[in-house]
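Pasted below: upload.txt, compact mmCIF, C-alpha atoms and all ligand atoms.
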```
# COMPACT_ATOMS: atom_id res chain seq x y z
CA MET A 3 84.99 -107.64 57.26
CA PRO A 4 85.11 -110.35 54.53
CA ARG A 5 85.55 -109.01 51.03
CA ALA A 6 82.51 -109.40 48.74
CA ALA A 7 83.02 -111.93 45.94
CA PRO A 8 83.88 -110.09 42.71
CA LEU A 9 81.16 -110.04 40.04
CA PRO A 10 82.75 -111.29 36.86
CA MET A 11 83.64 -108.47 34.52
CA HIS A 12 83.41 -111.09 31.74
CA PRO A 13 80.49 -113.39 32.61
CA ASN A 14 80.15 -116.93 31.27
CA ARG A 15 76.88 -118.48 30.05
CA LEU A 16 75.88 -119.85 33.43
CA PHE A 17 76.49 -116.56 35.20
CA ALA A 18 74.60 -114.74 32.44
CA ARG A 19 71.53 -116.94 33.11
CA VAL A 20 71.79 -116.20 36.85
CA MET A 21 72.04 -112.46 36.02
CA GLU A 22 68.91 -112.71 33.89
CA TRP A 23 67.01 -114.14 36.80
CA LEU A 24 68.42 -111.68 39.36
CA ASN A 25 68.04 -108.67 37.10
CA ALA A 26 64.47 -109.33 35.89
CA PRO A 27 63.03 -106.47 38.03
CA ALA A 28 65.77 -104.13 36.74
CA TYR A 29 64.94 -105.05 33.13
CA ARG A 30 61.27 -104.25 33.73
CA LEU A 31 62.20 -100.84 35.16
CA ALA A 32 64.60 -100.19 32.26
CA CYS A 33 61.96 -101.14 29.69
CA LYS A 34 59.50 -98.72 31.26
CA LEU A 35 62.05 -95.90 31.33
CA VAL A 36 63.24 -96.53 27.78
CA ASP A 37 59.64 -96.49 26.48
CA PRO A 38 60.82 -97.44 22.98
CA GLN A 39 59.01 -96.05 19.96
CA PRO A 40 58.94 -97.55 16.44
CA GLU A 41 61.95 -96.44 14.37
CA ASN A 42 63.94 -95.40 17.47
CA HIS A 43 67.64 -96.24 17.41
CA VAL A 44 68.53 -97.66 20.84
CA LEU A 45 71.99 -98.58 22.13
CA GLU A 46 72.64 -100.86 25.12
CA ILE A 47 76.10 -100.78 26.67
CA GLY A 48 77.09 -104.04 28.38
CA PHE A 49 74.05 -106.00 27.15
CA GLY A 50 75.13 -109.32 28.72
CA SER A 51 72.94 -112.20 27.53
CA GLY A 52 70.70 -109.77 25.61
CA ARG A 53 67.53 -110.38 27.63
CA LEU A 54 66.70 -106.67 27.96
CA LEU A 55 67.29 -106.05 24.26
CA GLU A 56 64.95 -108.97 23.56
CA MET A 57 62.25 -107.45 25.79
CA ILE A 58 62.58 -104.12 23.95
CA ALA A 59 62.39 -105.87 20.57
CA GLN A 60 59.21 -107.65 21.65
CA LYS A 61 57.65 -104.43 22.90
CA VAL A 62 57.72 -102.44 19.68
CA ASP A 63 57.93 -103.14 15.95
CA GLY A 64 60.36 -101.34 13.69
CA ILE A 65 62.94 -100.58 16.36
CA HIS A 66 66.68 -100.46 15.60
CA LEU A 67 68.76 -102.07 18.35
CA ALA A 68 72.50 -101.84 18.80
CA GLY A 69 74.78 -102.95 21.60
CA VAL A 70 78.35 -103.22 22.71
CA ASP A 71 79.87 -105.72 25.15
CA PRO A 72 83.53 -106.76 25.55
CA THR A 73 82.69 -110.40 26.38
CA GLU A 74 82.56 -112.51 23.21
CA THR A 75 80.34 -115.14 24.90
CA MET A 76 77.77 -112.41 25.61
CA VAL A 77 77.88 -111.18 22.01
CA ARG A 78 77.25 -114.75 20.81
CA MET A 79 74.49 -115.42 23.38
CA ALA A 80 72.61 -112.21 22.61
CA SER A 81 73.01 -112.57 18.85
CA ALA A 82 71.43 -116.06 18.99
CA ARG A 83 68.15 -114.85 20.53
CA PRO A 84 65.35 -115.49 18.00
CA ALA A 85 63.56 -112.19 18.75
CA LEU A 86 66.80 -110.33 18.03
CA ARG A 87 67.75 -112.38 14.95
CA LYS A 88 64.34 -111.47 13.52
CA LEU A 89 65.41 -107.82 13.44
CA GLY A 90 67.83 -108.59 10.59
CA ASN A 91 69.74 -105.48 9.60
CA ARG A 92 68.00 -103.50 12.35
CA LEU A 93 70.25 -105.33 14.87
CA ASP A 94 73.88 -104.32 15.35
CA LEU A 95 75.66 -106.06 18.27
CA ARG A 96 79.40 -105.47 18.53
CA SER A 97 82.31 -106.41 20.70
CA GLY A 98 83.76 -103.37 22.50
CA THR A 99 83.58 -101.19 25.59
CA ALA A 100 81.86 -98.02 26.79
CA GLN A 101 85.23 -96.28 26.58
CA SER A 102 85.26 -96.25 22.79
CA LEU A 103 81.86 -96.77 21.18
CA PRO A 104 82.23 -98.00 17.61
CA TRP A 105 79.52 -95.78 16.06
CA ARG A 106 79.39 -92.40 14.37
CA ASP A 107 78.36 -89.19 16.14
CA LYS A 108 74.61 -88.66 16.65
CA THR A 109 73.51 -92.19 15.81
CA PHE A 110 71.10 -93.02 18.66
CA ASP A 111 67.88 -91.69 20.18
CA MET A 112 68.65 -93.48 23.42
CA ALA A 113 71.46 -95.22 25.26
CA LEU A 114 71.07 -97.50 28.24
CA ALA A 115 73.30 -99.43 30.58
CA VAL A 116 72.15 -101.81 33.31
CA HIS A 117 74.57 -102.88 36.05
CA CYS A 118 77.50 -102.03 33.82
CA PHE A 119 78.61 -98.55 35.00
CA GLN A 120 80.64 -100.16 37.81
CA PHE A 121 83.01 -101.62 35.20
CA TRP A 122 83.85 -98.30 33.50
CA GLU A 123 87.40 -97.47 34.53
CA ASP A 124 87.12 -93.90 33.30
CA PRO A 125 83.47 -92.85 33.68
CA ASP A 126 84.10 -89.30 32.32
CA VAL A 127 85.39 -90.67 29.04
CA CYS A 128 82.49 -93.14 28.77
CA ILE A 129 79.88 -90.43 29.41
CA GLN A 130 81.47 -88.23 26.72
CA GLU A 131 81.35 -91.18 24.33
CA ILE A 132 77.65 -91.66 25.05
CA ILE A 133 77.01 -87.95 24.47
CA ARG A 134 78.91 -88.17 21.18
CA VAL A 135 76.77 -91.01 19.78
CA LEU A 136 73.42 -89.59 20.97
CA LYS A 137 71.34 -87.40 18.70
CA PRO A 138 70.46 -83.90 19.97
CA GLY A 139 67.63 -84.39 22.47
CA GLY A 140 68.74 -88.00 23.03
CA ARG A 141 68.43 -89.75 26.35
CA LEU A 142 70.55 -91.91 28.64
CA VAL A 143 68.95 -94.46 30.96
CA LEU A 144 71.43 -95.68 33.55
CA LEU A 145 70.63 -98.39 36.10
CA LEU A 146 73.13 -98.83 38.91
CA ARG A 147 73.54 -101.65 41.34
CA SER A 148 73.45 -99.69 44.56
CA HIS A 149 76.91 -99.79 46.16
CA GLU A 150 76.33 -97.08 48.73
CA LYS A 151 76.53 -99.22 51.84
CA ARG A 152 79.24 -101.72 50.91
CA ALA A 153 81.23 -100.45 47.96
CA PRO A 154 83.57 -103.28 46.92
CA ASN A 155 87.12 -101.97 46.54
CA TRP A 156 87.83 -104.08 43.43
CA LEU A 157 85.32 -102.25 41.21
CA PRO A 158 87.09 -100.65 38.22
CA ASN A 159 84.91 -97.51 38.35
CA PRO A 160 86.24 -95.09 41.04
CA ILE A 161 82.76 -93.57 41.46
CA SER A 162 81.28 -97.01 42.16
CA ARG A 163 84.04 -97.64 44.72
CA SER A 164 83.46 -94.29 46.42
CA GLY A 165 80.59 -95.20 48.73
CA ASN A 166 78.41 -92.45 47.25
CA GLU A 167 77.95 -93.81 43.75
CA TYR A 168 74.41 -92.67 42.98
CA GLN A 169 74.72 -89.02 43.98
CA GLN A 170 78.21 -88.73 42.49
CA THR A 171 77.00 -90.14 39.18
CA ILE A 172 74.15 -87.64 39.09
CA ALA A 173 76.63 -84.83 39.88
CA LEU A 174 78.95 -86.01 37.10
CA LEU A 175 76.13 -86.13 34.55
CA ARG A 176 74.99 -82.63 35.56
CA LYS A 177 78.42 -81.26 34.66
CA THR A 178 78.04 -82.46 31.06
CA ALA A 179 75.84 -81.64 28.06
CA PHE A 180 72.99 -83.54 29.73
CA GLY A 181 70.77 -80.59 30.58
CA LEU A 182 68.20 -82.53 32.57
CA VAL A 183 69.27 -85.33 34.93
CA GLU A 184 66.67 -87.04 37.10
CA GLU A 185 66.42 -89.78 39.70
CA ALA A 186 64.08 -92.27 38.07
CA GLY A 187 63.04 -94.91 40.57
CA ARG A 188 64.23 -98.17 42.08
CA ALA A 189 63.84 -101.89 41.52
CA GLY A 190 65.06 -103.61 44.68
CA SER A 191 68.65 -102.51 45.19
CA THR A 192 68.86 -101.12 41.66
CA ARG A 193 68.65 -97.34 41.30
CA SER A 194 68.05 -95.51 38.05
CA ILE A 195 68.91 -92.19 36.44
CA THR A 196 67.58 -90.66 33.24
CA ALA A 197 69.49 -87.87 31.52
CA TRP A 198 68.35 -85.82 28.52
CA LEU A 199 70.74 -84.23 26.11
CA THR A 200 69.32 -80.74 25.81
CA ALA A 201 72.41 -79.00 24.47
CA LEU A 202 74.77 -79.96 21.71
CA PRO A 203 78.32 -80.91 22.76
CA ALA A 204 80.62 -77.92 22.21
CA ASN A 205 82.67 -79.59 19.46
CA THR A 206 79.71 -80.56 17.26
CA THR A 207 77.45 -78.55 15.02
CA SER A 208 73.79 -78.86 14.25
CA GLU A 209 73.04 -80.65 10.92
C1 LIG B 301 76.87 -107.44 35.49
S1 LIG B 301 76.83 -107.71 33.75
C2 LIG B 301 75.23 -106.99 33.32
C3 LIG B 301 74.76 -107.46 31.98
C4 LIG B 301 73.39 -106.97 31.57
N1 LIG B 301 73.35 -105.53 31.43
C5 LIG B 301 72.35 -107.45 32.54
O1 LIG B 301 71.88 -106.62 33.34
O2 LIG B 301 72.02 -108.64 32.52
C6 LIG B 301 77.97 -106.49 33.11
C7 LIG B 301 78.14 -106.57 31.61
O3 LIG B 301 78.99 -105.49 31.24
C8 LIG B 301 79.98 -105.95 30.34
N2 LIG B 301 81.13 -105.05 30.50
C9 LIG B 301 82.21 -105.18 31.33
N3 LIG B 301 83.04 -104.15 31.18
C10 LIG B 301 82.48 -103.32 30.25
C11 LIG B 301 82.87 -102.09 29.66
N4 LIG B 301 84.01 -101.47 30.01
N5 LIG B 301 82.08 -101.53 28.72
C12 LIG B 301 80.91 -102.14 28.36
N6 LIG B 301 80.49 -103.32 28.89
C13 LIG B 301 81.26 -103.90 29.83
C14 LIG B 301 80.22 -107.41 30.72
O4 LIG B 301 80.74 -108.17 29.65
C15 LIG B 301 78.83 -107.84 31.13
O5 LIG B 301 78.10 -108.37 30.05
```

What is this structure when it is put down as structure tokens?
Amino acid sequence: MPRAAPLPMHPNRLFARVMEWLNAPAYRLACKLVDPQPENHVLEIGFGSGRLLEMIAQKVDGIHLAGVDPTETMVRMASARPALRKLGNRLDLRSGTAQSLPWRDKTFDMALAVHCFQFWEDPDVCIQEIIRVLKPGGRLVLLLRSHEKRAPNWLPNPISRSGNEYQQTIALLRKTAFGLVEEAGRAGSTRSITAWLTALPANTTSE
């Protein structure tokens, strides 16, 4: 069987525009699941061109948006969006990866990642990082490109390569401090998971 063409781990501008078009239904689902409230602190991991962050910014006033992406072109593209620039010091976009999030413990009400999980080489470490930066009661919204039927063998994330990505990801999240992990709907071939942090990680204390 021919090997599927690799999705770029570091997209360029043109590919980012194609992603925006392809991922529009996924962004709408993510926006609904995030349900941002004024004054929330929201983190997007692997924000790409920043279209979803822009949609969230346009949905609610007073929101604080942060993001991390290892591709400098994506950081520049997202940072140039007028709706995001308008946030001023309520916007914090950084270069980096899910493996080592450059924020302090308990910073965010919510974390989200859309079509990015597949690039996490060590998903356990990344999930622990997300738990670390979420506030108690915080929430993760994870949208996965469904790889169940034809899992490409070049994907960095071993769970995404496994052929049973969705159920394995849910099982992984259920072994962590996320006390409630739910299947949260589909948008085309995109599947979503929401996970609530109901317990504090063992190595942290309540403030
Ligand atoms: C397929 S694109 C999706 C972008 C965006 N979420 C969207 O849906 O349009 C994957 C994004 O993840 C970023 N990325 C790749 N490896 C990453 C990692 N280890 N941690 C965080 N982001 C990563 C890429 O730079 C890219 O912007």

How many Å separate atom CA of A:Arg176 from atom C6 of ligand LIG 301 (chain B)?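 Distance between the two atoms: 24.2 Å.
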
Test item: residues no farther than 7 Å from ligand LIG 301 (chain B), counting only C-alpha atoms and all ligand atoms, as an NGL selection string: :A and (9 or 11-13 or 18 or 21-22 or 25 or 47-51 or 53 or 70-73 or 76 or 98-101 or 115-118 or 121-123)

Return as CSV the residues of stretch 67-165 of chain A lying at most 9 Å from stretch 184-191 of chain A, together with the closest atom-to-atom pair for each and the distance in Å to one decimal, counting only C-alpha atoms, with rows in chain order and ascending residue number.
```
residue,atom,partner,partner_atom,distance
A:Val143,CA,A:Ala186,CA,8.9
A:Leu145,CA,A:Arg188,CA,8.8
A:Leu146,CA,A:Ser191,CA,8.5
A:Arg147,CA,A:Ser191,CA,6.3
A:Ser148,CA,A:Ser191,CA,5.6
A:His149,CA,A:Ser191,CA,8.8
```

Can you tell me which residues surround A:His66 at a distance of at most 9 Å, considering only C-alpha atoms, apart from same-chain residues fewer than 2 positions away, and format the answer as a PDB file with C-alpha atoms, in the coordinates of the input?
```pdb
ATOM      1  CA  PRO A  40      58.940 -97.550  16.440  1.00  0.00           C
ATOM      2  CA  GLU A  41      61.950 -96.440  14.370  1.00  0.00           C
ATOM      3  CA  ASN A  42      63.940 -95.400  17.470  1.00  0.00           C
ATOM      4  CA  HIS A  43      67.640 -96.240  17.410  1.00  0.00           C
ATOM      5  CA  VAL A  44      68.530 -97.660  20.840  1.00  0.00           C
ATOM      6  CA  LEU A  45      71.990 -98.580  22.130  1.00  0.00           C
ATOM      7  CA  ALA A  59      62.390-105.870  20.570  1.00  0.00           C
ATOM      8  CA  GLY A  64      60.360-101.340  13.690  1.00  0.00           C
ATOM      9  CA  ALA A  68      72.500-101.840  18.800  1.00  0.00           C
ATOM     10  CA  LEU A  89      65.410-107.820  13.440  1.00  0.00           C
ATOM     11  CA  ASN A  91      69.740-105.480   9.600  1.00  0.00           C
ATOM     12  CA  ARG A  92      68.000-103.500  12.350  1.00  0.00           C
ATOM     13  CA  LEU A  93      70.250-105.330  14.870  1.00  0.00           C
ATOM     14  CA  ASP A  94      73.880-104.320  15.350  1.00  0.00           C
TER      15      ASP A  94
END
```

Residues within 9 Å of A:Tyr168, only C-alpha atoms, excluding chain neighbours under 5 positions, as number ranges by chain: A: 146, 148-150, 161-162, 173, 193-195

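Minimum atom-to-atom distance to A:Gly69, evaluated using only C-alpha atoms, belongs to A:Leu103 out of A:Leu103, A:Ile172, A:Leu144, A:Leu31.
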
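If you look at atom CA of A:Lys88 and atom CA of A:Thr109, they are 21.5 Å away from each other.
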
Test item: residues at most 10 Å from A:Gln39, only C-alpha atoms, excluding those fewer than 6 positions along its chain, as a CSV table (one decimal) with C-alpha atoms, in the coordinates of the input:
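part_11.csv was written with the following content:
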```csv
chain,number,residue,atom,x,y,z
A,58,ILE,CA,62.6,-104.1,24.0
A,61,LYS,CA,57.6,-104.4,22.9
A,62,VAL,CA,57.7,-102.4,19.7
A,63,ASP,CA,57.9,-103.1,16.0
A,64,GLY,CA,60.4,-101.3,13.7
A,65,ILE,CA,62.9,-100.6,16.4
A,66,HIS,CA,66.7,-100.5,15.6
A,111,ASP,CA,67.9,-91.7,20.2
```

What separates atom CA of A:Val183 and atom CA of A:Asp126 is a distance of 15.6 Å

For A:Lys151, list every protein, DNA or RNA residue within 10 Å, evaluated using all atoms listed in the file, and leave out those in the same chain fewer than 2 positions away; present the list as JSON, numbers by chain. {"A": [148, 149, 153, 154, 165, 166, 167]}

Write a file of the selected residues as a tab-separated table (two decimals), keeping the file's coordinate frame, keeping C-alpha atoms.
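So the final result, stored in part.tsv, reads:
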```tsv
chain	number	residue	atom	x	y	z
A	148	SER	CA	73.45	-99.69	44.56
A	149	HIS	CA	76.91	-99.79	46.16
A	153	ALA	CA	81.23	-100.45	47.96
A	154	PRO	CA	83.57	-103.28	46.92
A	165	GLY	CA	80.59	-95.20	48.73
A	166	ASN	CA	78.41	-92.45	47.25
A	167	GLU	CA	77.95	-93.81	43.75
```

Tell me, as a PyMOL selection string, which residues lie within 9 Å of A:Glu56, counting only C-alpha atoms; anything in the same chain fewer than 5 positions away does not count. chain A and resi 61+80+83-86

Within 6 Å of (67.5, -90.3, 30.8) in the file's own coordinates, which protein, DNA or RNA residues have an atom, counting all atoms listed in the file? List them as a list in words.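 Every residue inside that radius is included here: Arg141, Leu142, Val143, Thr196, Ala197 and Trp198 of chain A.
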
Would you mind putting back N, CA, C and O atoms on stretch 25-47 of chain A, then writing it out as a short mmCIF file (atom, residue, chain, number, x, y, z; two decimals), in the frame of the given file?
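The resulting rebuild_35.cif:
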```
data_model
loop_
_atom_site.label_atom_id
_atom_site.label_comp_id
_atom_site.auth_asym_id
_atom_site.auth_seq_id
_atom_site.Cartn_x
_atom_site.Cartn_y
_atom_site.Cartn_z
N ASN A 25 68.25 -110.03 37.62
CA ASN A 25 68.04 -108.67 37.10
C ASN A 25 66.66 -108.45 36.48
O ASN A 25 66.40 -107.36 35.96
N ALA A 26 65.79 -109.47 36.54
CA ALA A 26 64.47 -109.33 35.89
C ALA A 26 63.75 -108.05 36.34
O ALA A 26 63.22 -107.31 35.49
N PRO A 27 63.72 -107.71 37.65
CA PRO A 27 63.03 -106.47 38.03
C PRO A 27 63.71 -105.23 37.43
O PRO A 27 63.04 -104.26 37.05
N ALA A 28 65.04 -105.28 37.33
CA ALA A 28 65.77 -104.13 36.74
C ALA A 28 65.43 -104.01 35.25
O ALA A 28 65.26 -102.89 34.74
N TYR A 29 65.30 -105.12 34.56
CA TYR A 29 64.94 -105.05 33.13
C TYR A 29 63.55 -104.43 32.96
O TYR A 29 63.32 -103.65 32.03
N ARG A 30 62.62 -104.81 33.86
CA ARG A 30 61.27 -104.25 33.73
C ARG A 30 61.29 -102.74 33.93
O ARG A 30 60.65 -101.99 33.20
N LEU A 31 62.08 -102.29 34.92
CA LEU A 31 62.20 -100.84 35.16
C LEU A 31 62.85 -100.17 33.94
O LEU A 31 62.37 -99.13 33.46
N ALA A 32 63.90 -100.78 33.42
CA ALA A 32 64.60 -100.19 32.26
C ALA A 32 63.67 -100.08 31.06
O ALA A 32 63.62 -99.06 30.38
N CYS A 33 62.88 -101.13 30.83
CA CYS A 33 61.96 -101.14 29.69
C CYS A 33 60.95 -100.00 29.80
O CYS A 33 60.63 -99.33 28.82
N LYS A 34 60.47 -99.80 31.03
CA LYS A 34 59.50 -98.72 31.26
C LYS A 34 60.15 -97.36 31.01
O LYS A 34 59.58 -96.49 30.36
N LEU A 35 61.38 -97.20 31.48
CA LEU A 35 62.05 -95.90 31.33
C LEU A 35 62.44 -95.64 29.88
O LEU A 35 62.39 -94.51 29.40
N VAL A 36 62.83 -96.70 29.18
CA VAL A 36 63.24 -96.53 27.78
C VAL A 36 62.02 -96.15 26.93
O VAL A 36 62.11 -95.32 26.04
N ASP A 37 60.87 -96.76 27.22
CA ASP A 37 59.64 -96.49 26.48
C ASP A 37 59.91 -96.40 24.98
O ASP A 37 59.69 -95.36 24.35
N PRO A 38 60.38 -97.50 24.38
CA PRO A 38 60.82 -97.44 22.98
C PRO A 38 59.68 -97.14 22.01
O PRO A 38 58.55 -97.58 22.21
N GLN A 39 59.99 -96.39 20.99
CA GLN A 39 59.01 -96.05 19.96
C GLN A 39 59.48 -96.65 18.64
O GLN A 39 60.68 -96.81 18.43
N PRO A 40 58.53 -97.00 17.74
CA PRO A 40 58.94 -97.55 16.44
C PRO A 40 59.94 -96.61 15.76
O PRO A 40 59.81 -95.39 15.87
N GLU A 41 60.91 -97.18 15.11
CA GLU A 41 61.95 -96.44 14.37
C GLU A 41 63.01 -95.80 15.26
O GLU A 41 63.96 -95.21 14.76
N ASN A 42 62.87 -95.90 16.58
CA ASN A 42 63.94 -95.40 17.47
C ASN A 42 65.20 -96.22 17.23
O ASN A 42 65.13 -97.41 16.94
N HIS A 43 66.34 -95.56 17.43
CA HIS A 43 67.64 -96.24 17.41
C HIS A 43 68.13 -96.28 18.85
O HIS A 43 68.40 -95.24 19.44
N VAL A 44 68.21 -97.49 19.42
CA VAL A 44 68.53 -97.66 20.84
C VAL A 44 69.83 -98.44 20.99
O VAL A 44 70.03 -99.46 20.33
N LEU A 45 70.70 -97.93 21.86
CA LEU A 45 71.99 -98.58 22.13
C LEU A 45 72.02 -99.10 23.56
O LEU A 45 71.74 -98.35 24.50
N GLU A 46 72.39 -100.37 23.75
CA GLU A 46 72.64 -100.86 25.12
C GLU A 46 74.13 -101.14 25.29
O GLU A 46 74.75 -101.87 24.50
N ILE A 47 74.68 -100.58 26.36
CA ILE A 47 76.10 -100.78 26.67
C ILE A 47 76.21 -101.87 27.74
O ILE A 47 75.58 -101.76 28.79
#
```
